[in-house]
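Text of target.tsv, listed as TSV, N, CA and C atoms:
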```tsv
chain	number	residue	atom	x	y	z
A	1	MET	N	0.81	-1.18	0.00
A	1	MET	CA	0.00	0.00	0.00
A	1	MET	C	0.86	1.26	0.00
A	2	ILE	N	1.95	1.24	0.77
A	2	ILE	CA	2.83	2.40	0.83
A	2	ILE	C	3.50	2.61	-0.54
A	3	SER	N	3.86	1.55	-1.20
A	3	SER	CA	4.50	1.69	-2.50
A	3	SER	C	3.51	2.26	-3.52
A	4	ARG	N	2.24	1.96	-3.38
A	4	ARG	CA	1.22	2.51	-4.25
A	4	ARG	C	1.09	4.02	-4.07
A	5	MET	N	1.12	4.50	-2.87
A	5	MET	CA	1.01	5.93	-2.59
A	5	MET	C	2.24	6.68	-3.11
A	6	ASN	N	3.39	6.06	-2.94
A	6	ASN	CA	4.61	6.71	-3.44
A	6	ASN	C	4.57	6.86	-4.96
A	7	SER	N	4.06	5.88	-5.67
A	7	SER	CA	3.98	5.96	-7.12
A	7	SER	C	2.96	7.02	-7.55
A	8	ARG	N	1.86	7.17	-6.79
A	8	ARG	CA	0.87	8.22	-7.11
A	8	ARG	C	1.47	9.60	-6.89
A	9	ASN	N	2.22	9.77	-5.84
A	9	ASN	CA	2.84	11.07	-5.57
A	9	ASN	C	3.88	11.42	-6.65
A	10	LYS	N	4.59	10.41	-7.14
A	10	LYS	CA	5.57	10.65	-8.19
A	10	LYS	C	4.88	11.08	-9.48
A	11	ILE	N	3.76	10.45	-9.80
A	11	ILE	CA	3.02	10.80	-11.01
A	11	ILE	C	2.50	12.22	-10.90
A	12	LYS	N	1.95	12.60	-9.76
A	12	LYS	CA	1.45	13.95	-9.57
A	12	LYS	C	2.58	14.97	-9.69
A	13	ALA	N	3.73	14.67	-9.18
A	13	ALA	CA	4.85	15.60	-9.20
A	13	ALA	C	5.40	15.80	-10.61
A	14	ASN	N	5.29	14.84	-11.50
A	14	ASN	CA	5.85	14.91	-12.84
A	14	ASN	C	4.87	15.42	-13.89
A	15	LYS	N	3.67	15.81	-13.52
A	15	LYS	CA	2.69	16.23	-14.51
A	15	LYS	C	2.91	17.64	-15.04
A	16	GLY	N	3.48	18.55	-14.30
A	16	GLY	CA	3.61	19.95	-14.71
A	16	GLY	C	4.96	20.27	-15.32
A	17	ILE	N	5.04	21.48	-15.93
A	17	ILE	CA	6.29	21.97	-16.51
A	17	ILE	C	6.99	22.80	-15.44
A	18	THR	N	8.26	22.61	-15.36
A	18	THR	CA	9.00	23.40	-14.37
A	18	THR	C	9.24	24.80	-14.93
A	19	LEU	N	9.46	25.73	-14.06
A	19	LEU	CA	9.72	27.10	-14.46
A	19	LEU	C	11.02	27.21	-15.24
A	20	ILE	N	11.99	26.40	-14.89
A	20	ILE	CA	13.27	26.42	-15.59
A	20	ILE	C	13.11	25.97	-17.04
A	21	ALA	N	12.33	24.91	-17.28
A	21	ALA	CA	12.10	24.43	-18.64
A	21	ALA	C	11.38	25.49	-19.47
A	22	LEU	N	10.45	26.19	-18.87
A	22	LEU	CA	9.71	27.25	-19.56
A	22	LEU	C	10.64	28.40	-19.94
A	23	VAL	N	11.50	28.82	-19.04
A	23	VAL	CA	12.44	29.91	-19.31
A	23	VAL	C	13.42	29.52	-20.41
A	24	ILE	N	13.93	28.29	-20.37
A	24	ILE	CA	14.86	27.82	-21.40
A	24	ILE	C	14.18	27.81	-22.76
A	25	THR	N	12.94	27.37	-22.82
A	25	THR	CA	12.19	27.34	-24.08
A	25	THR	C	12.00	28.75	-24.63
A	26	ILE	N	11.67	29.69	-23.78
A	26	ILE	CA	11.48	31.08	-24.22
A	26	ILE	C	12.80	31.66	-24.74
A	27	ILE	N	13.90	31.37	-24.07
A	27	ILE	CA	15.21	31.88	-24.51
A	27	ILE	C	15.57	31.30	-25.87
A	28	VAL	N	15.34	30.02	-26.08
A	28	VAL	CA	15.64	29.39	-27.37
A	28	VAL	C	14.78	30.02	-28.47
A	29	LEU	N	13.50	30.27	-28.20
A	29	LEU	CA	12.64	30.89	-29.19
A	29	LEU	C	13.09	32.32	-29.51
A	30	LEU	N	13.53	33.06	-28.53
A	30	LEU	CA	14.03	34.42	-28.76
A	30	LEU	C	15.30	34.41	-29.62
A	31	ILE	N	16.18	33.45	-29.37
A	31	ILE	CA	17.39	33.34	-30.18
A	31	ILE	C	17.03	33.01	-31.63
A	32	LEU	N	16.11	32.09	-31.83
A	32	LEU	CA	15.68	31.74	-33.19
A	32	LEU	C	15.03	32.93	-33.89
A	33	ALA	N	14.23	33.70	-33.16
A	33	ALA	CA	13.60	34.87	-33.75
A	33	ALA	C	14.64	35.91	-34.15
A	34	ALA	N	15.64	36.12	-33.31
A	34	ALA	CA	16.69	37.09	-33.62
A	34	ALA	C	17.49	36.68	-34.85
A	35	VAL	N	17.80	35.41	-34.97
A	35	VAL	CA	18.54	34.92	-36.14
A	35	VAL	C	17.69	35.07	-37.40
A	36	SER	N	16.42	34.78	-37.31
A	36	SER	CA	15.53	34.91	-38.47
A	36	SER	C	15.41	36.35	-38.92
A	37	ILE	N	15.25	37.27	-38.00
A	37	ILE	CA	15.12	38.68	-38.34
A	37	ILE	C	16.42	39.19	-38.95
A	38	ALA	N	17.55	38.78	-38.41
A	38	ALA	CA	18.83	39.20	-38.97
A	38	ALA	C	19.02	38.65	-40.38
A	39	THR	N	18.56	37.45	-40.63
A	39	THR	CA	18.68	36.86	-41.96
A	39	THR	C	17.84	37.62	-42.97
A	40	LEU	N	16.69	38.08	-42.56
A	40	LEU	CA	15.80	38.80	-43.47
A	40	LEU	C	16.25	40.23	-43.73
A	41	THR	N	16.59	40.95	-42.68
A	41	THR	CA	16.77	42.38	-42.81
A	41	THR	C	18.21	42.85	-42.74
A	42	GLY	N	19.16	42.01	-42.61
A	42	GLY	CA	20.55	42.43	-42.49
A	42	GLY	C	21.08	43.08	-43.75
A	43	GLU	N	22.30	43.59	-43.68
A	43	GLU	CA	22.91	44.25	-44.83
A	43	GLU	C	23.04	43.29	-46.01
A	44	ASN	N	23.29	42.04	-45.72
A	44	ASN	CA	23.40	41.02	-46.75
A	44	ASN	C	22.22	40.05	-46.66
A	45	GLY	N	21.08	40.57	-46.21
A	45	GLY	CA	19.92	39.73	-45.96
A	45	GLY	C	19.13	39.43	-47.22
A	46	ILE	N	18.10	38.64	-47.04
A	46	ILE	CA	17.28	38.19	-48.16
A	46	ILE	C	16.56	39.35	-48.83
A	47	LEU	N	16.04	40.28	-48.04
A	47	LEU	CA	15.29	41.40	-48.61
A	47	LEU	C	16.19	42.32	-49.44
A	48	SER	N	17.40	42.59	-48.98
A	48	SER	CA	18.29	43.45	-49.75
A	48	SER	C	18.78	42.73	-51.01
A	49	LYS	N	18.99	41.43	-50.93
A	49	LYS	CA	19.39	40.68	-52.13
A	49	LYS	C	18.26	40.66	-53.16
A	50	ALA	N	17.03	40.53	-52.70
A	50	ALA	CA	15.89	40.54	-53.62
A	50	ALA	C	15.76	41.90	-54.30
A	51	ASN	N	15.97	42.97	-53.56
A	51	ASN	CA	15.90	44.31	-54.13
A	51	ASN	C	17.00	44.52	-55.16
A	52	THR	N	18.20	44.05	-54.86
A	52	THR	CA	19.31	44.16	-55.80
A	52	THR	C	19.03	43.36	-57.07
A	53	ALA	N	18.47	42.18	-56.91
A	53	ALA	CA	18.14	41.35	-58.08
A	53	ALA	C	17.07	42.02	-58.94
A	54	LYS	N	16.12	42.67	-58.31
A	54	LYS	CA	15.07	43.37	-59.04
A	54	LYS	C	15.66	44.50	-59.88
A	55	ILE	N	16.56	45.27	-59.28
A	55	ILE	CA	17.18	46.39	-60.00
A	55	ILE	C	18.02	45.88	-61.16
A	56	GLU	N	18.78	44.82	-60.94
A	56	GLU	CA	19.61	44.26	-62.01
A	56	GLU	C	18.75	43.71	-63.15
A	57	THR	N	17.61	43.11	-62.82
A	57	THR	CA	16.71	42.60	-63.85
A	57	THR	C	16.13	43.73	-64.68
A	58	GLU	N	15.76	44.83	-64.02
A	58	GLU	CA	15.23	45.98	-64.75
A	58	GLU	C	16.29	46.59	-65.66
A	59	LYS	N	17.53	46.66	-65.19
A	59	LYS	CA	18.62	47.19	-66.02
A	59	LYS	C	18.84	46.30	-67.25
A	60	ALA	N	18.86	44.99	-67.03
A	60	ALA	CA	19.08	44.06	-68.14
A	60	ALA	C	17.94	44.14	-69.15
A	61	GLY	N	16.72	44.32	-68.67
A	61	GLY	CA	15.58	44.45	-69.57
A	61	GLY	C	15.66	45.71	-70.41
A	62	ALA	N	16.05	46.82	-69.80
A	62	ALA	CA	16.19	48.07	-70.54
A	62	ALA	C	17.30	47.97	-71.57
A	63	LYS	N	18.41	47.35	-71.19
A	63	LYS	CA	19.54	47.17	-72.12
A	63	LYS	C	19.11	46.31	-73.31
A	64	GLU	N	18.36	45.27	-73.03
A	64	GLU	CA	17.90	44.40	-74.11
A	64	GLU	C	16.95	45.13	-75.06
A	65	LYS	N	16.07	45.98	-74.51
A	65	LYS	CA	15.15	46.75	-75.37
A	65	LYS	C	15.91	47.69	-76.28
A	66	VAL	N	16.93	48.36	-75.75
A	66	VAL	CA	17.72	49.27	-76.57
A	66	VAL	C	18.49	48.49	-77.63
A	67	GLN	N	19.06	47.35	-77.26
A	67	GLN	CA	19.78	46.54	-78.24
A	67	GLN	C	18.85	46.05	-79.35
A	68	MET	N	17.63	45.69	-78.99
A	68	MET	CA	16.66	45.25	-80.01
A	68	MET	C	16.31	46.41	-80.94
A	69	ALA	N	16.16	47.63	-80.36
A	69	ALA	CA	15.86	48.79	-81.20
A	69	ALA	C	16.99	49.08	-82.16
A	70	VAL	N	18.24	48.96	-81.70
A	70	VAL	CA	19.39	49.22	-82.56
A	70	VAL	C	19.49	48.14	-83.64
A	71	MET	N	19.35	46.89	-83.25
A	71	MET	CA	19.49	45.81	-84.22
A	71	MET	C	18.40	45.84	-85.29
A	72	SER	N	17.21	46.29	-84.92
A	72	SER	CA	16.14	46.35	-85.92
A	72	SER	C	16.23	47.60	-86.79
A	73	SER	N	17.23	48.45	-86.57
A	73	SER	CA	17.39	49.69	-87.34
A	73	SER	C	18.32	49.51	-88.53
A	74	PHE	N	18.84	48.35	-88.74
A	74	PHE	CA	19.73	48.11	-89.87
A	74	PHE	C	18.90	47.79	-91.11
A	75	ASP	N	19.34	48.32	-92.26
A	75	ASP	CA	18.63	48.04	-93.50
A	75	ASP	C	19.13	46.73	-94.11
A	76	ASP	N	18.67	46.45	-95.32
A	76	ASP	CA	19.01	45.18	-95.98
A	76	ASP	C	20.50	45.06	-96.30
A	77	ARG	N	21.16	46.17	-96.48
A	77	ARG	CA	22.58	46.15	-96.83
A	77	ARG	C	23.48	46.11	-95.61
A	78	GLY	N	22.90	46.15	-94.40
A	78	GLY	CA	23.68	46.11	-93.19
A	78	GLY	C	24.11	47.47	-92.69
A	79	LYS	N	23.54	48.51	-93.26
A	79	LYS	CA	23.85	49.88	-92.83
A	79	LYS	C	22.82	50.32	-91.80
A	80	LEU	N	23.27	51.11	-90.86
A	80	LEU	CA	22.39	51.61	-89.81
A	80	LEU	C	21.59	52.78	-90.34
A	81	ASP	N	20.26	52.65	-90.28
A	81	ASP	CA	19.36	53.71	-90.70
A	81	ASP	C	19.04	54.56	-89.47
A	82	TYR	N	19.58	55.79	-89.44
A	82	TYR	CA	19.49	56.63	-88.25
A	82	TYR	C	18.06	57.12	-87.98
A	83	THR	N	17.29	57.36	-89.03
A	83	THR	CA	15.90	57.77	-88.81
A	83	THR	C	15.10	56.61	-88.23
A	84	GLN	N	15.37	55.40	-88.73
A	84	GLN	CA	14.69	54.22	-88.16
A	84	GLN	C	15.15	53.98	-86.72
A	85	LEU	N	16.41	54.24	-86.45
A	85	LEU	CA	16.93	54.09	-85.08
A	85	LEU	C	16.21	55.05	-84.13
A	86	LYS	N	16.05	56.30	-84.55
A	86	LYS	CA	15.35	57.27	-83.70
A	86	LYS	C	13.90	56.83	-83.49
A	87	THR	N	13.25	56.35	-84.52
A	87	THR	CA	11.87	55.87	-84.39
A	87	THR	C	11.80	54.69	-83.44
A	88	ASN	N	12.72	53.75	-83.59
A	88	ASN	CA	12.72	52.56	-82.73
A	88	ASN	C	13.01	52.91	-81.27
A	89	LEU	N	13.94	53.83	-81.07
A	89	LEU	CA	14.26	54.23	-79.70
A	89	LEU	C	13.09	54.98	-79.05
A	90	ASP	N	12.32	55.72	-79.86
A	90	ASP	CA	11.13	56.40	-79.33
A	90	ASP	C	10.06	55.41	-78.90
A	91	LYS	N	10.07	54.23	-79.51
A	91	LYS	CA	9.06	53.21	-79.20
A	91	LYS	C	9.42	52.36	-77.98
A	92	VAL	N	10.63	52.52	-77.47
A	92	VAL	CA	11.05	51.71	-76.32
A	92	VAL	C	10.17	52.06	-75.13
A	93	GLU	N	9.56	51.05	-74.55
A	93	GLU	CA	8.64	51.26	-73.42
A	93	GLU	C	9.40	51.41	-72.12
A	94	GLY	N	8.76	52.03	-71.15
A	94	GLY	CA	9.33	52.13	-69.82
A	94	GLY	C	10.18	53.37	-69.61
A	95	ILE	N	10.23	54.25	-70.60
A	95	ILE	CA	11.00	55.48	-70.45
A	95	ILE	C	10.02	56.65	-70.38
A	96	ASP	N	10.16	57.46	-69.36
A	96	ASP	CA	9.34	58.65	-69.22
A	96	ASP	C	9.97	59.73	-70.11
A	97	LYS	N	9.40	59.92	-71.28
A	97	LYS	CA	10.01	60.80	-72.27
A	97	LYS	C	9.90	62.27	-71.90
A	98	SER	N	9.06	62.61	-70.92
A	98	SER	CA	8.95	64.01	-70.52
A	98	SER	C	10.16	64.46	-69.71
A	99	THR	N	10.85	63.54	-69.06
A	99	THR	CA	12.02	63.91	-68.26
A	99	THR	C	13.32	63.62	-68.97
A	100	VAL	N	13.27	62.90	-70.09
A	100	VAL	CA	14.49	62.55	-70.81
A	100	VAL	C	14.68	63.53	-71.96
A	101	PRO	N	15.84	64.17	-72.05
A	101	PRO	CA	16.06	65.10	-73.17
A	101	PRO	C	16.12	64.34	-74.49
A	102	THR	N	15.74	65.00	-75.55
A	102	THR	CA	15.77	64.38	-76.87
A	102	THR	C	17.22	64.15	-77.29
A	103	PRO	N	17.57	62.91	-77.59
A	103	PRO	CA	18.97	62.64	-77.96
A	103	PRO	C	19.26	63.13	-79.38
A	104	THR	N	20.46	63.55	-79.59
A	104	THR	CA	20.90	63.89	-80.93
A	104	THR	C	21.75	62.72	-81.43
A	105	ILE	N	21.43	62.27	-82.59
A	105	ILE	CA	22.11	61.12	-83.16
A	105	ILE	C	23.11	61.62	-84.20
A	106	THR	N	24.35	61.34	-83.95
A	106	THR	CA	25.39	61.70	-84.92
A	106	THR	C	25.79	60.43	-85.64
A	107	LYS	N	26.11	60.58	-86.89
A	107	LYS	CA	26.46	59.41	-87.70
A	107	LYS	C	27.89	58.99	-87.40
A	108	LEU	N	28.00	57.78	-86.89
A	108	LEU	CA	29.30	57.21	-86.57
A	108	LEU	C	29.49	55.94	-87.38
A	109	PRO	N	30.70	55.61	-87.73
A	109	PRO	CA	30.91	54.33	-88.42
A	109	PRO	C	30.74	53.18	-87.43
A	110	ILE	N	29.65	52.44	-87.59
A	110	ILE	CA	29.35	51.32	-86.69
A	110	ILE	C	29.27	50.05	-87.51
A	111	THR	N	29.91	49.01	-87.03
A	111	THR	CA	29.80	47.70	-87.68
A	111	THR	C	29.22	46.71	-86.69
A	112	VAL	N	28.59	45.69	-87.22
A	112	VAL	CA	27.98	44.66	-86.39
A	112	VAL	C	28.83	43.41	-86.53
A	113	THR	N	29.22	42.81	-85.41
A	113	THR	CA	30.02	41.59	-85.44
A	113	THR	C	29.12	40.40	-85.75
A	114	VAL	N	29.74	39.28	-85.96
A	114	VAL	CA	29.01	38.06	-86.31
A	114	VAL	C	28.06	37.66	-85.18
A	115	ASP	N	28.46	37.88	-83.92
A	115	ASP	CA	27.62	37.49	-82.80
A	115	ASP	C	26.56	38.54	-82.47
A	116	GLY	N	26.45	39.62	-83.25
A	116	GLY	CA	25.39	40.59	-83.08
A	116	GLY	C	25.72	41.79	-82.23
A	117	TYR	N	26.95	41.94	-81.80
A	117	TYR	CA	27.34	43.09	-80.98
A	117	TYR	C	27.80	44.24	-81.87
A	118	LEU	N	27.63	45.44	-81.36
A	118	LEU	CA	28.02	46.62	-82.11
A	118	LEU	C	29.48	46.97	-81.81
A	119	ASN	N	30.21	47.30	-82.86
A	119	ASN	CA	31.59	47.78	-82.71
A	119	ASN	C	31.69	49.16	-83.31
A	120	PRO	N	32.13	50.15	-82.54
A	120	PRO	CA	32.29	51.49	-83.12
A	120	PRO	C	33.51	51.56	-84.02
```
Would you encode the structure as structure tokens?
Amino acid sequence: MISRMNSRNKIKANKGITLIALVITIIVLLILAAVSIATLTGENGILSKANTAKIETEKAGAKEKVQMAVMSSFDDRGKLDYTQLKTNLDKVEGIDKSTVPTPTITKLPITVTVDGYLNP
């Protein structure tokens, strides 16, 4: 009978969480939260990398649009048609033309390489 009572008392004593276990759990969660926030918002964090990637993508897109406008300005003989170039550059989307000054196009000797790049 005494051994039965001792086992009941042990079960009752082990049912709750100790204050020490609760404090340790809270500290671990705070450390994990701090690491997560630092990973997101740090100088080299995910958010800054995403913003940098967005800017680089926009730059590459603009460069590609200008290259397409230049490449489509060549006539059948392979000569650059400057009036067609101006027309094509005016059609490039994403440029606020009210804030951009009108470019002056001077005729320069330009050749196109086999891989499609321009050589002055």
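What separates atom CA of Ser73 of chain A from atom CA of Asp90 of chain A is a distance of 12.2 Å.
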Selection: 8 Å around Val66 of chain A, all atoms listed in the file, excl. self and same-chain fewer than 3 positions, as a PyMOL selection string: chain A and resi 60-63+69-72+88-89+92-93
Distance of atom N of Ile46 of chain A from atom N of Ala34 of chain A, expressed in Å to one decimal place: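 One can read the atom N of Ala34 of chain A to atom N of Ile46 of chain A distance as 14.2 Å.
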Coordinates-based distance that separates atom CA of Gly16 of chain A from atom C of Val28 of chain A (Å, one decimal): 20.4 Å
Any chance you could work out the axis-aligned box around segment 50-61 of chain A, listed atoms only, 6 Å on each side, giving centre and edge lengths in Å to one decimal, as lines of an AutoDock Vina configuration file?
```
center_x = 17.3
center_y = 43.9
center_z = -61.6
size_x = 16.5
size_y = 18.7
size_z = 29.7
```
